[in-house]
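*Asks:* Enclosed is the structure file run-v1.pdb (PDB, C-alpha atoms).
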```pdb
ATOM      1  CA  MET A   1    -205.010  29.160 178.057
ATOM      2  CA  ALA A   2    -204.438  30.591 181.535
ATOM      3  CA  VAL A   3    -207.460  28.777 182.974
ATOM      4  CA  GLN A   4    -206.679  25.510 181.190
ATOM      5  CA  GLY A   5    -203.018  25.678 182.198
ATOM      6  CA  SER A   6    -203.921  26.440 185.801
ATOM      7  CA  LEU A   7    -206.370  23.542 185.996
ATOM      8  CA  ASN A   8    -203.868  21.187 184.358
ATOM      9  CA  SER A   9    -201.082  22.284 186.718
ATOM     10  CA  VAL A  10    -203.182  21.714 189.832
ATOM     11  CA  LEU A  11    -204.359  18.349 188.490
ATOM     12  CA  GLY A  12    -200.712  17.505 187.704
ATOM     13  CA  ASP A  13    -199.809  18.128 191.351
ATOM     14  CA  LYS A  14    -202.588  15.787 192.463
ATOM     15  CA  ILE A  15    -202.300  12.857 190.043
ATOM     16  CA  GLY A  16    -198.966  13.358 188.222
ATOM     17  CA  ILE A  17    -197.776  15.288 185.167
ATOM     18  CA  TRP A  18    -197.955  12.481 182.609
ATOM     19  CA  GLU A  19    -201.216  11.171 184.008
ATOM     20  CA  THR A  20    -202.704  14.660 183.668
ATOM     21  CA  ASN A  21    -201.344  14.988 180.141
ATOM     22  CA  PHE A  22    -202.959  11.661 179.255
ATOM     23  CA  LEU A  23    -206.276  12.596 180.881
ATOM     24  CA  VAL A  24    -206.403  15.980 179.110
ATOM     25  CA  HIS A  25    -205.859  14.410 175.691
ATOM     26  CA  PHE A  26    -208.092  11.420 176.405
ATOM     27  CA  THR A  27    -211.040  13.584 177.464
ATOM     28  CA  GLY A  28    -210.433  15.815 174.452
ATOM     29  CA  THR A  29    -210.446  12.769 172.184
ATOM     30  CA  ILE A  30    -213.701  11.477 173.678
ATOM     31  CA  LEU A  31    -215.344  14.896 173.320
ATOM     32  CA  LEU A  32    -214.211  15.181 169.696
ATOM     33  CA  LEU A  33    -215.390  11.652 168.940
ATOM     34  CA  ILE A  34    -218.840  12.501 170.313
ATOM     35  CA  PHE A  35    -218.871  15.719 168.275
ATOM     36  CA  LEU A  36    -217.852  13.876 165.095
ATOM     37  CA  LEU A  37    -220.549  11.234 165.627
ATOM     38  CA  ILE A  38    -223.225  13.861 166.240
ATOM     39  CA  LYS A  39    -222.063  15.868 163.242
ATOM     40  CA  GLY A  40    -222.022  12.779 161.058
ATOM     41  CA  ALA A  41    -218.466  13.423 159.908
ATOM     42  CA  ASN A  42    -217.090  11.360 157.061
ATOM     43  CA  LEU A  43    -213.955   9.781 158.490
ATOM     44  CA  ASN A  44    -212.401   8.621 155.245
ATOM     45  CA  PHE A  45    -209.139   7.166 156.517
ATOM     46  CA  ASN A  46    -207.921   6.609 152.952
ATOM     47  CA  LEU A  47    -207.299  10.357 152.711
ATOM     48  CA  TYR A  48    -204.889  10.211 155.658
ATOM     49  CA  LYS A  49    -202.278   8.193 153.777
ATOM     50  CA  ASP A  50    -201.858  10.954 151.169
ATOM     51  CA  VAL A  51    -200.937  13.583 153.759
ATOM     52  CA  PRO A  52    -197.216  14.348 154.283
ATOM     53  CA  TRP A  53    -195.973  12.644 157.449
ATOM     54  CA  TYR A  54    -194.803  15.871 159.107
ATOM     55  CA  LEU A  55    -198.355  17.242 159.213
ATOM     56  CA  TYR A  56    -199.127  14.665 161.903
ATOM     57  CA  ILE A  57    -196.522  16.127 164.285
ATOM     58  CA  GLY A  58    -199.204  18.441 165.700
ATOM     59  CA  GLY A  59    -200.429  15.705 168.031
ATOM     60  CA  LEU A  60    -196.933  15.166 169.421
ATOM     61  CA  LEU A  61    -196.501  18.904 169.850
ATOM     62  CA  GLY A  62    -199.821  19.048 171.708
ATOM     63  CA  VAL A  63    -198.502  16.582 174.280
ATOM     64  CA  ALA A  64    -195.215  18.502 174.600
ATOM     65  CA  ILE A  65    -196.996  21.851 174.962
ATOM     66  CA  THR A  66    -199.386  20.481 177.582
ATOM     67  CA  TYR A  67    -196.416  19.071 179.505
ATOM     68  CA  GLY A  68    -194.609  22.414 179.297
ATOM     69  CA  VAL A  69    -197.642  24.287 180.617
ATOM     70  CA  ILE A  70    -198.191  21.831 183.480
ATOM     71  CA  VAL A  71    -194.548  22.144 184.555
ATOM     72  CA  SER A  72    -194.004  25.874 183.984
ATOM     73  CA  ILE A  73    -197.042  27.331 185.765
ATOM     74  CA  PRO A  74    -196.109  26.067 189.257
ATOM     75  CA  GLU A  75    -192.531  27.282 188.723
ATOM     76  CA  LEU A  76    -193.226  30.708 187.182
ATOM     77  CA  GLY A  77    -196.817  31.515 188.015
ATOM     78  CA  VAL A  78    -199.741  31.706 185.603
ATOM     79  CA  ALA A  79    -199.064  35.231 184.291
ATOM     80  CA  VAL A  80    -195.357  34.748 183.576
ATOM     81  CA  ALA A  81    -195.738  31.247 182.142
ATOM     82  CA  THR A  82    -198.650  32.244 179.911
ATOM     83  CA  THR A  83    -196.887  35.385 178.672
ATOM     84  CA  ALA A  84    -193.657  33.477 178.024
ATOM     85  CA  ILE A  85    -195.513  30.756 176.133
ATOM     86  CA  ILE A  86    -197.386  33.311 174.032
ATOM     87  CA  THR A  87    -194.145  35.158 173.290
ATOM     88  CA  GLY A  88    -192.522  31.918 172.159
ATOM     89  CA  GLN A  89    -195.563  31.111 170.042
ATOM     90  CA  VAL A  90    -195.487  34.541 168.366
ATOM     91  CA  LEU A  91    -191.758  34.200 167.640
ATOM     92  CA  THR A  92    -192.301  30.744 166.163
ATOM     93  CA  ALA A  93    -195.307  31.990 164.174
ATOM     94  CA  ALA A  94    -193.252  34.852 162.735
ATOM     95  CA  ALA A  95    -190.578  32.383 161.582
ATOM     96  CA  ILE A  96    -193.221  30.091 160.030
ATOM     97  CA  ASP A  97    -194.729  33.103 158.251
ATOM     98  CA  HIS A  98    -191.403  34.438 157.042
ATOM     99  CA  PHE A  99    -190.224  31.150 155.556
ATOM    100  CA  GLY A 100    -193.676  29.974 154.439
ATOM    101  CA  LEU A 101    -193.200  26.661 156.222
ATOM    102  CA  PHE A 102    -195.579  23.731 155.802
ATOM    103  CA  GLY A 103    -196.882  25.108 152.508
ATOM    104  CA  LEU A 104    -198.235  28.320 154.013
ATOM    105  CA  GLU A 105    -197.985  31.623 152.193
ATOM    106  CA  LYS A 106    -194.888  33.667 153.057
ATOM    107  CA  VAL A 107    -195.429  36.755 155.185
ATOM    108  CA  PRO A 108    -192.207  38.790 155.506
ATOM    109  CA  PHE A 109    -190.642  39.439 158.894
ATOM    110  CA  THR A 110    -190.328  43.194 159.366
ATOM    111  CA  TRP A 111    -188.576  45.420 161.871
ATOM    112  CA  ILE A 112    -191.997  46.366 163.307
ATOM    113  CA  LYS A 113    -192.700  42.679 164.007
ATOM    114  CA  PHE A 114    -189.237  42.427 165.529
ATOM    115  CA  MET A 115    -190.076  45.343 167.825
ATOM    116  CA  GLY A 116    -193.366  43.678 168.798
ATOM    117  CA  ILE A 117    -191.585  40.469 169.756
ATOM    118  CA  LEU A 118    -188.960  42.495 171.616
ATOM    119  CA  LEU A 119    -191.709  44.256 173.588
ATOM    120  CA  LEU A 120    -193.395  40.926 174.362
ATOM    121  CA  SER A 121    -190.052  39.628 175.623
ATOM    122  CA  ALA A 122    -189.614  42.756 177.747
ATOM    123  CA  GLY A 123    -193.092  42.130 179.175
ATOM    124  CA  VAL A 124    -192.081  38.633 180.228
ATOM    125  CA  ARG A 125    -188.963  40.034 181.875
ATOM    126  CA  LEU A 126    -190.975  42.706 183.695
ATOM    127  CA  LEU A 127    -193.437  40.105 184.967
ATOM    128  CA  LEU A 128    -190.542  38.145 186.492
ATOM    129  CA  ASN A 129    -189.831  40.988 188.925
TER     130      ASN A 129
END
```
Render the structure in this file as C-alpha cells.

*Replies:*
Amino acid sequence: MAVQGSLNSVLGDKIGIWETNFLVHFTGTILLLIFLLIKGANLNFNLYKDVPWYLYIGGLLGVAITYGVIVSIPELGVAVATTAIITGQVLTAAAIDHFGLFGLEKVPFTWIKFMGILLLSAGVRLLLN
C-alpha cells in the first residue's frame, strides 16, 4: 500500500488526482480482463442481477480510497498516511465484525481489540511529531 500510494501520489502531482484515479482503475481493469481471458473465466452476467445492490459499492469505495491516498500522502507523508489509513480500516473492520454486516459472521468487539485500536491511534499520533 505504501508503494502504490506513493506512486499514485507522485503521478497525481504530474497528471492530476482524478486522472490518476482513472488511470489506476483503468489499468487494473485491463489487467484483470487479460487475466480473466487467460483463465477462461465464465462471466455469467445473469448471476449479477441476483446480488444485493449494496455489494457493488466496493467499486465506488475503491475510487474514494484511491483518491484519499493520493491526497493524503503529499499532506501527511507516506508513513503517517499509511498508518492512519490502516488504523481507520481496522476500526471499520472491527465494527463490521461486531455487527456482522453484509452477511458476515459476527465477531464480538472486545476490550483487547479496543486497546489494539487505541494503540494504533497512538502510533499515528506519535508519527505526526

*Asks:* CA of Thr87 (chain A) and CA of Gly103 (chain A), how far apart in Å?

*Replies:* 23.2 Å

*Asks:* With all atoms listed in the file as the atoms that count, which of A:Leu31, A:Ala95, A:Gly100, A:Gly77 lies nearest to Phe114 (chain A)?

*Replies:* A:Ala95

*Asks:* Which value, in Å to one decimal, gives the distance between CA of Tyr56 (chain A) and CA of Gly68 (chain A)?

*Replies:*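 Going from CA of Tyr56 (chain A) over to CA of Gly68 (chain A) covers 19.6 Å.
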
*Asks:* I would like the residues chosen by the PyMOL selection byres ((chain A and resi 86) around 12) on the shown file; could you give them as a ChimeraX atom specification?

*Replies:* /A:1-2,65,69,78-85,87-93,117,120-121,123-124

*Asks:* Considering only C-alpha atoms, return as an MDAnalysis selection string whatever protein or nucleic-acid residues lie within 10 Å of region 10-12 of chain A, sequence-local ones (same chain, fewer than 2 positions apart) excluded.

*Replies:* chainID A and resid 5:8 14:21 23:24 67 70:71 73:74

*Asks:* Restricting the calculation to all atoms listed in the file, which member of A:Lys113, A:Glu105, A:Ala64, A:Leu76 is positioned closest to Arg125 (chain A)?

*Replies:* A:Leu76
